[in-house]
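Comments concern the structure below.
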Amino acid sequence: MPYIITGDPSSWTTFAGSYQDDLGYKYPNNLDLRPSSDFHTKIRSHIWRRAQASRNEIQKRFHSWREIDRNLTVYVPPEEEHLTHHHHDHDHEDHNHHRHSDKPTTIVFPYSYSMMESVLTYMYMAFIQDPMFKYQGIDSSDNLGAMLMELVIKLHCLKNKVPLNAHTVLRDSMAYGVGIAIPEWIKKFGRKVVKNQSIVESPLGSSEDNRISWSDRTLLFEGNSLSNIDPYMWLPDPTVSSSDIQKGEFNGWVDRTNYMNLLTEEVDGAQGYFNVKYLKPRQNKRSILALDQSDRLERHKGSTNPIADADVTTPIDVIKMYVNIIPKDWKLSPSEIPEKWYFELACDDVIIRCERADHNHGMFPTAVASPEFDGYQITPIGRLEILYGLQHTLDFLFNSHISNVKKAINDMLIVDPYLVNIDDLRDPEPGKLVRLRRPAWGRGVDKVVQQLQVNDITRLNIADSQYITQAMDRVIGADQSMSGSLRQGGPERLTGAEFQGTRGSAVSRLQRIAQIIGMQFFQDVGTMFAVHTQQYMKMETYVKIAGRYSEQLKAIFPNKENVKVTPFDLSIDYDLIVNDGSIPGGNFSSAWMDLFKTIGTSPELTQQFDVVRIFMYIAHQLGANNVEDFKRVVNNINPQTIPDQQVQQQVQQGNLIPANNIGMQ
């Protein structure tokens with residue numbers, strides 16, 4: 001049974017006396033948010049009760065998630081096997097430890113890991129394309145702004161490494177059933193290099209003085225970013241499904257930071273932090289919600305517990321939560337209209353942020369991918385969790401066979417200790433000399449030691465495991481071709497039609513999953529990215545003309561490789577185009593090549609179909625993402641006007657061909 005959190009944290013009473021000092025904070029909206037105030041206590045209780053209710057529901061899944069972590073670890077550490085036996089004799093204990101340390105560890109057969117890699121590879125290729133998010137204008141006047149919006153967000157994804165965070169979301173959704181991320185607008189500050197050029201006049205003439213200096217702290221880059229939420233640390237409204245988190249009353253998570261980061265944010269003043277200095281006297285700044293979490297790091301010899309020495313590091317757990325409330329009920333403002341407010345509760349005790357969420361999209365800035373959702377649960381079953389029973393059986397078959405083999409290759413001896421020197425027999429080194437004891441001298445060595453006969457009752461286990469892996473292939477929807485291998489068995493050789501048929505079926509199943517993730521996650525992220533860009537973008541940005549709109553943009557901005565984009569240019573209405581879940585070449589058929597040849601040689605078909613677009617589609621499906629770069633620049637071709645009489649002469653000589661006869665050649 002999971003550990004159910006009940007009651008209030010003990011820190012509420014332990015540190016209450018240390019908050020009496022007034023540190024001179026000025027709080028937003030003239031609210032009394034001193035940690036010792038009654039108003040602070042009420043708001044803190046509202047946040048804590050919601051976090052507690054969510055945690056009590058989410059942690060019911062922790063046991064299953066830890067089993068998935070185990071399956072993805074692919075080995076079991078020796079200390080978990082309880083191999084070492086305790087002996088009173090120190091010599092026996094040292095010898096036993098040496099003997100067992102040479103034994104191989106129990107293996108988690110990495111087939112679930114292989115299946116996850118196959119599915120994850122498809123999902124990554126389906127969504128991490130160029131560009132990740134596509135936009136088009138609603139009206140003709142919005143077309144240019146939509147093109148520039150797409151390029152700007154493409155730049156944000158490149159600068160802030162959004163594909164890496166998207167990969168984590170996809171992996172979490174396969175392993176745990178939910179992958180969660182936060183679309184946010186970030187600003188990066190620093191110093192810019194400044195070139196100073198001047199002309200120095202002297203009696204000997206003039207000369208240039210070129211110097212380099214650095215500006216004061218300034219805004220270097222701003223743009224959309226994506227941050228991941230560990231499913232173990234997620235605090236959603238448990239009354240809604242994973243596909244409807246926007247319908248919940250709250251949504252939060254536990255974030256790990258440190259005192260210096262929070263203090264820097266507070267001094268900067270841009271993020272609205274306060275009360276951070278009240279956290280300094282505390283020794284333990286952890287949240288009790290973050291104690292019972294994943295042990296994935298411990299399995300890899302890491303540690304989930306931070307260094308306790310406050311002189312070395314000061315980690316702080318912060319509960320971050322968006323709550324949909326009526327502000328008057330919480331006495332935050334006179335408004336009686338439901339609004340989304342944002343809170344941060346540090347160390348389960350001190351509120352360090354309290355503000356109305358100002359996002360123009362009106363959504364919780366959180367997106368969730370849950371491909372196995374059922375429309376009801378907040379934490380649906382994960383795709384790898386479906387394979388747990390088969391994976392457990394596969395591990396048993398493999399490890400029982402290995403255990404039996406170890407019995408056969410390790411000497412299992414029956415010995416008369418009265419006749420043999422046991423210490424010589426225990427010596428594991430090769431070329432050892434075993435001495436008989438005095439009573440056995442002169443009797444020979446035939447019946448002194450006897451090998452215990454071991455029968456291999458598990459010799460068919462490896463063959464049986466193939467049936468298990470085949471069943472896992474069928475369940476997960478990724479056959480051997482998706483994993484990069486081909487069928488080896490069967491009465492006949494693998495034919496091309498069989499390969500294309502089985503791969504096509506597997507691709508279709510994965511494409512359905514990708515379409516679900518596209519609607520659940522990438523549609524929300526793409527919408528929030530666009531709204532954030534329109535709402536928060538302050539500085540001009542230069543983008544490179546490239547991609548699917550390059551031809552149109554080069555016609556609008558001739559002789560330019562980069563275009564300056566201002567916030568005014570992006571003030572448009574747009575539609576987001578979500579990827580359909582396919583990958584380049586995933587559904588491609590060689591029949592397109594035959595159709596292309598047929599269309600290209602038929603004048604009637606060339607009049608009805610765009611041969612160039614068909615060729616570009618085939619090229620894209622074959623993996624040529626930059627096929628637009630090879631198109632001829634029509635604007636650079638200078639048309640020539642030839643007199644009619646000269647044209648007739650050139651036609652008679654065969655140098656010119658009428659346009660209506662080109663398809664007949």
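If you're wondering about the labels, chains in the structure tokens are A, B, ... by order shown, residues count from 1 in each chain, ligands from 1 in order shown.
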Checklist line | Contact residues around Glu339 in chain A with only C-alpha atoms at 9 Å, ignoring same-chain residues under 4 positions, as number ranges by chain | finding: A: 323-327, 335, 356-357, 362
Selected residues written out, C-alpha atoms, as a PDB file, in the first residue's frame:
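And here is the file that came out, out23.pdb:
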```pdb
ATOM      1  CA  VAL A 323      -5.448  27.308  -9.272  1.00  0.00           C
ATOM      2  CA  ASN A 324      -8.739  28.347 -10.870  1.00  0.00           C
ATOM      3  CA  ILE A 325     -10.504  30.341  -8.139  1.00  0.00           C
ATOM      4  CA  ILE A 326     -12.916  33.163  -7.401  1.00  0.00           C
ATOM      5  CA  PRO A 327     -10.465  35.744  -6.004  1.00  0.00           C
ATOM      6  CA  SER A 335     -13.374  40.041  -8.413  1.00  0.00           C
ATOM      7  CA  ARG A 356      -2.841  36.296 -11.195  1.00  0.00           C
ATOM      8  CA  ALA A 357      -1.843  34.232 -14.225  1.00  0.00           C
ATOM      9  CA  GLY A 362      -6.344  31.338 -20.553  1.00  0.00           C
TER      10      GLY A 362
END
```
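Of note, CA of Tyr574 in chain A and CA of Gly137 in chain A are spaced 4.4 Å apart.
In terms of minimum interatomic distance to Arg512 in chain A, A:Asp580 ranks closest within A:Asp32, A:Glu150, A:Asp580, A:Asp395, counting only C-alpha atoms.
Counting only C-alpha atoms, the residue from A:Phe343, A:Tyr376, A:Ile288, A:Thr469 that sits nearest to His46 in chain A is A:Phe343.
Note that the spacing between CA of Ala546 in chain A and CA of Asn224 in chain A amounts to 19.8 Å.
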With 8 Å as the cut-off and only C-alpha atoms counted, what is the closest atom pair between each nearby residue of range 200-255 of chain A and range 519-538 of chain A? Distances in Å to one decimal, ordered by chain and number, as CSV.
```
residue,atom,partner,partner_atom,distance
A:Glu222,CA,A:Met537,CA,7.2
A:Gly223,CA,A:Thr533,CA,7.1
A:Asn224,CA,A:Phe529,CA,6.0
A:Ser243,CA,A:Gln520,CA,6.4
```
Every residue of range 272-467 of chain A that DSSP places in helix (DSSP H, G or I), as a PDB file with C-alpha atoms, in the first residue's frame:
```pdb
ATOM      1  CA  VAL A 276      12.872  34.107   0.075  1.00  0.00           C
ATOM      2  CA  LYS A 277      15.055  35.408   2.913  1.00  0.00           C
ATOM      3  CA  TYR A 278      12.757  33.733   5.436  1.00  0.00           C
ATOM      4  CA  LEU A 279      14.024  30.377   4.103  1.00  0.00           C
ATOM      5  CA  ILE A 288       7.608  15.806   2.248  1.00  0.00           C
ATOM      6  CA  LEU A 289       5.914  15.388  -1.140  1.00  0.00           C
ATOM      7  CA  ALA A 290       9.337  14.829  -2.724  1.00  0.00           C
ATOM      8  CA  ARG A 296      15.737   5.272 -10.690  1.00  0.00           C
ATOM      9  CA  LEU A 297      18.890   7.110  -9.620  1.00  0.00           C
ATOM     10  CA  GLU A 298      19.605   4.739  -6.776  1.00  0.00           C
ATOM     11  CA  ARG A 299      19.496   1.811  -9.192  1.00  0.00           C
ATOM     12  CA  GLU A 385       3.283  -1.493 -18.183  1.00  0.00           C
ATOM     13  CA  ILE A 386       1.138  -3.661 -20.449  1.00  0.00           C
ATOM     14  CA  LEU A 387       4.235  -5.769 -21.102  1.00  0.00           C
ATOM     15  CA  TYR A 388       5.151  -6.202 -17.449  1.00  0.00           C
ATOM     16  CA  GLY A 389       3.726  -9.738 -17.079  1.00  0.00           C
ATOM     17  CA  LEU A 390       5.396 -10.958 -20.257  1.00  0.00           C
ATOM     18  CA  GLN A 391       8.651  -9.221 -19.322  1.00  0.00           C
ATOM     19  CA  HIS A 392       8.585 -10.831 -15.867  1.00  0.00           C
ATOM     20  CA  THR A 393       8.068 -14.264 -17.460  1.00  0.00           C
ATOM     21  CA  LEU A 394      10.877 -13.604 -19.924  1.00  0.00           C
ATOM     22  CA  ASP A 395      13.232 -12.664 -17.074  1.00  0.00           C
ATOM     23  CA  PHE A 396      12.341 -15.886 -15.237  1.00  0.00           C
ATOM     24  CA  LEU A 397      13.002 -18.085 -18.262  1.00  0.00           C
ATOM     25  CA  PHE A 398      16.336 -16.427 -18.966  1.00  0.00           C
ATOM     26  CA  ASN A 399      17.645 -16.234 -15.399  1.00  0.00           C
ATOM     27  CA  SER A 400      16.513 -19.749 -14.444  1.00  0.00           C
ATOM     28  CA  HIS A 401      18.464 -21.083 -17.416  1.00  0.00           C
ATOM     29  CA  ILE A 402      21.533 -19.055 -16.462  1.00  0.00           C
ATOM     30  CA  SER A 403      21.229 -20.282 -12.875  1.00  0.00           C
ATOM     31  CA  ASN A 404      21.089 -23.882 -14.042  1.00  0.00           C
ATOM     32  CA  VAL A 405      24.103 -23.381 -16.282  1.00  0.00           C
ATOM     33  CA  LYS A 406      26.047 -21.899 -13.366  1.00  0.00           C
ATOM     34  CA  LYS A 407      25.299 -25.035 -11.353  1.00  0.00           C
ATOM     35  CA  ALA A 408      26.719 -27.181 -14.127  1.00  0.00           C
ATOM     36  CA  ILE A 409      29.921 -25.207 -14.699  1.00  0.00           C
ATOM     37  CA  ILE A 422      39.050 -28.410   2.731  1.00  0.00           C
ATOM     38  CA  ASP A 423      41.081 -25.193   2.521  1.00  0.00           C
ATOM     39  CA  ASP A 424      43.020 -26.542  -0.496  1.00  0.00           C
ATOM     40  CA  LEU A 425      39.773 -27.590  -2.187  1.00  0.00           C
ATOM     41  CA  ARG A 426      38.223 -24.133  -1.698  1.00  0.00           C
ATOM     42  CA  ARG A 438      46.890 -38.294   6.848  1.00  0.00           C
ATOM     43  CA  PRO A 439      44.115 -40.964   7.208  1.00  0.00           C
ATOM     44  CA  ALA A 440      43.756 -41.061   3.403  1.00  0.00           C
ATOM     45  CA  ASN A 461      13.865 -21.975 -21.844  1.00  0.00           C
ATOM     46  CA  ILE A 462      15.700 -19.914 -24.464  1.00  0.00           C
ATOM     47  CA  ALA A 463      13.594 -21.406 -27.237  1.00  0.00           C
ATOM     48  CA  ASP A 464      10.414 -20.747 -25.226  1.00  0.00           C
ATOM     49  CA  SER A 465      11.464 -17.136 -24.697  1.00  0.00           C
ATOM     50  CA  GLN A 466      11.076 -16.529 -28.427  1.00  0.00           C
ATOM     51  CA  TYR A 467       7.332 -17.085 -28.090  1.00  0.00           C
TER      52      TYR A 467
END
```
Check: When distances are computed from only C-alpha atoms, which of A:Ser215, A:Asn160, A:Gln271, A:Gln136 shows the smallest separation from Val578 in chain A?
Finding: A:Gln136
Notebook entry, point to check: If we count only C-alpha atoms, what is near Met174 in chain A at a cut-off of 9 Å, once residues fewer than 4 positions away on the same chain are taken out, given as a ChimeraX atom specification?
Noted result: /A:116,119-120,169-170,178-179,370-372,382-385
Output C-alpha atoms for every residue in the selection just made, as a tab-separated table (two decimals), in the first residue's frame.
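again.tsv written:
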```tsv
chain	number	residue	atom	x	y	z
A	116	MET	CA	10.44	1.34	-26.13
A	119	VAL	CA	8.32	3.15	-30.58
A	120	LEU	CA	10.22	6.17	-29.28
A	169	VAL	CA	7.86	13.81	-22.80
A	170	LEU	CA	7.57	11.05	-25.40
A	178	VAL	CA	1.89	10.35	-18.94
A	179	GLY	CA	4.50	12.80	-20.22
A	370	SER	CA	-0.94	10.09	-22.61
A	371	PRO	CA	-1.29	7.76	-25.62
A	372	GLU	CA	-3.01	4.99	-23.59
A	382	GLY	CA	1.70	3.03	-19.58
A	383	ARG	CA	2.46	1.19	-22.79
A	384	LEU	CA	5.41	-0.62	-21.21
A	385	GLU	CA	3.28	-1.49	-18.18
```
Next item on the list: Write out as a PyMOL selection string the residues lying within 6 Å of Arg286 in chain A, counting only C-alpha atoms and excluding same-chain residues fewer than 6 positions away.
Entry: chain A and resi 316-317+347
Note to self: Using DSSP secondary structure from the backbone, list all strand (DSSP E or B) positions within range 252-453 of chain A, as a VMD selection string.
What the structure shows: chain A and resid 252 to 258 315 to 325 339 to 346 350 to 356 367 to 369 413 to 415 420 436 449 to 451
Using only N, CA and C atoms, please write the residues we just selected to a file, as a short mmCIF file (atom, residue, chain, number, x, y, z; two decimals), in the first residue's frame.
```
data_model
loop_
_atom_site.label_atom_id
_atom_site.label_comp_id
_atom_site.auth_asym_id
_atom_site.auth_seq_id
_atom_site.Cartn_x
_atom_site.Cartn_y
_atom_site.Cartn_z
N GLY A 252 -0.45 21.43 -10.65
CA GLY A 252 0.81 21.83 -10.04
C GLY A 252 1.87 20.76 -10.16
N TRP A 253 3.01 21.03 -9.56
CA TRP A 253 4.13 20.10 -9.55
C TRP A 253 5.14 20.55 -8.49
N VAL A 254 6.05 19.66 -8.12
CA VAL A 254 7.12 19.97 -7.18
C VAL A 254 8.40 20.17 -7.98
N ASP A 255 9.04 21.29 -7.75
CA ASP A 255 10.26 21.62 -8.49
C ASP A 255 11.43 21.72 -7.52
N ARG A 256 12.60 21.27 -7.96
CA ARG A 256 13.81 21.33 -7.14
C ARG A 256 14.68 22.49 -7.61
N THR A 257 15.00 23.39 -6.71
CA THR A 257 15.88 24.51 -7.01
C THR A 257 16.81 24.69 -5.81
N ASN A 258 17.41 25.85 -5.67
CA ASN A 258 18.26 26.09 -4.51
C ASN A 258 18.11 27.54 -4.05
N PRO A 315 19.55 22.90 -1.34
CA PRO A 315 18.41 22.59 -2.22
C PRO A 315 17.09 22.94 -1.55
N ILE A 316 16.17 23.41 -2.37
CA ILE A 316 14.84 23.79 -1.88
C ILE A 316 13.80 23.16 -2.79
N ASP A 317 12.80 22.52 -2.19
CA ASP A 317 11.66 22.00 -2.93
C ASP A 317 10.55 23.03 -2.91
N VAL A 318 10.01 23.32 -4.08
CA VAL A 318 8.97 24.33 -4.20
C VAL A 318 7.75 23.71 -4.86
N ILE A 319 6.59 23.84 -4.23
CA ILE A 319 5.33 23.42 -4.83
C ILE A 319 4.83 24.58 -5.70
N LYS A 320 4.76 24.34 -7.00
CA LYS A 320 4.27 25.35 -7.93
C LYS A 320 2.88 24.93 -8.40
N MET A 321 1.93 25.85 -8.33
CA MET A 321 0.56 25.45 -8.60
C MET A 321 -0.24 26.60 -9.22
N TYR A 322 -1.00 26.24 -10.28
CA TYR A 322 -2.00 27.13 -10.86
C TYR A 322 -3.36 26.68 -10.34
N VAL A 323 -4.15 27.63 -9.85
CA VAL A 323 -5.45 27.31 -9.27
C VAL A 323 -6.50 28.20 -9.90
N ASN A 324 -7.61 27.59 -10.32
CA ASN A 324 -8.74 28.35 -10.87
C ASN A 324 -9.68 28.67 -9.72
N ILE A 325 -9.77 29.95 -9.35
CA ILE A 325 -10.50 30.34 -8.14
C ILE A 325 -11.36 31.57 -8.41
N GLU A 339 -10.83 33.10 -12.00
CA GLU A 339 -9.54 33.46 -12.59
C GLU A 339 -8.51 32.40 -12.21
N LYS A 340 -7.48 32.31 -13.02
CA LYS A 340 -6.35 31.42 -12.71
C LYS A 340 -5.28 32.23 -11.99
N TRP A 341 -4.89 31.75 -10.81
CA TRP A 341 -3.83 32.37 -10.04
C TRP A 341 -2.67 31.38 -9.91
N TYR A 342 -1.47 31.96 -9.76
CA TYR A 342 -0.26 31.15 -9.68
C TYR A 342 0.39 31.35 -8.32
N PHE A 343 0.75 30.22 -7.67
CA PHE A 343 1.37 30.27 -6.35
C PHE A 343 2.62 29.40 -6.34
N GLU A 344 3.57 29.78 -5.48
CA GLU A 344 4.73 28.95 -5.20
C GLU A 344 4.88 28.85 -3.69
N LEU A 345 4.92 27.61 -3.19
CA LEU A 345 5.05 27.34 -1.76
C LEU A 345 6.37 26.62 -1.52
N ALA A 346 7.31 27.28 -0.89
CA ALA A 346 8.65 26.72 -0.67
C ALA A 346 8.69 25.98 0.66
N VAL A 350 6.36 28.35 3.21
CA VAL A 350 6.43 29.79 2.96
C VAL A 350 6.02 30.08 1.52
N ILE A 351 5.05 30.97 1.35
CA ILE A 351 4.61 31.39 0.02
C ILE A 351 5.62 32.41 -0.51
N ILE A 352 6.18 32.14 -1.69
CA ILE A 352 7.17 33.05 -2.25
C ILE A 352 6.70 33.69 -3.56
N ARG A 353 5.54 33.25 -4.08
CA ARG A 353 4.92 33.92 -5.23
C ARG A 353 3.41 33.79 -5.12
N CYS A 354 2.73 34.88 -5.50
CA CYS A 354 1.27 34.92 -5.47
C CYS A 354 0.83 35.98 -6.47
N GLU A 355 0.29 35.54 -7.59
CA GLU A 355 -0.08 36.49 -8.64
C GLU A 355 -1.13 35.89 -9.57
N ARG A 356 -1.86 36.76 -10.22
CA ARG A 356 -2.84 36.30 -11.20
C ARG A 356 -2.12 35.88 -12.47
N ALA A 367 1.08 20.87 -20.68
CA ALA A 367 0.60 19.96 -21.73
C ALA A 367 0.97 18.54 -21.36
N VAL A 368 0.07 17.60 -21.65
CA VAL A 368 0.24 16.20 -21.24
C VAL A 368 0.07 15.30 -22.45
N ALA A 369 0.98 14.35 -22.60
CA ALA A 369 0.87 13.29 -23.61
C ALA A 369 0.57 11.99 -22.89
N LEU A 413 30.52 -30.35 -5.47
CA LEU A 413 31.27 -31.53 -5.03
C LEU A 413 30.69 -32.12 -3.75
N ILE A 414 30.74 -33.45 -3.69
CA ILE A 414 30.47 -34.18 -2.46
C ILE A 414 31.81 -34.68 -1.94
N VAL A 415 32.18 -34.26 -0.75
CA VAL A 415 33.52 -34.50 -0.26
C VAL A 415 33.47 -35.02 1.18
N VAL A 420 40.01 -35.03 3.09
CA VAL A 420 40.51 -33.97 2.20
C VAL A 420 40.76 -32.71 3.00
N LEU A 436 45.61 -34.51 0.54
CA LEU A 436 44.80 -35.40 1.36
C LEU A 436 45.28 -35.37 2.80
N VAL A 449 36.59 -37.37 -3.54
CA VAL A 449 35.70 -36.28 -3.96
C VAL A 449 34.88 -36.78 -5.13
N GLN A 450 33.58 -36.43 -5.15
CA GLN A 450 32.70 -36.85 -6.24
C GLN A 450 31.88 -35.66 -6.73
N GLN A 451 31.80 -35.50 -8.05
CA GLN A 451 31.02 -34.43 -8.66
C GLN A 451 29.54 -34.77 -8.58
#
```
Next item on the list: Could you check how far CA of Ser118 in chain A sits from CA of Ile180 in chain A, in Å to one decimal?
Entry: 21.0 Å
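For the residues A:Lys280, A:His63, A:Lys26, A:Lys544, ranking by smallest atom-to-atom distance to Lys560 in chain A using only C-alpha atoms places A:Lys544 first.
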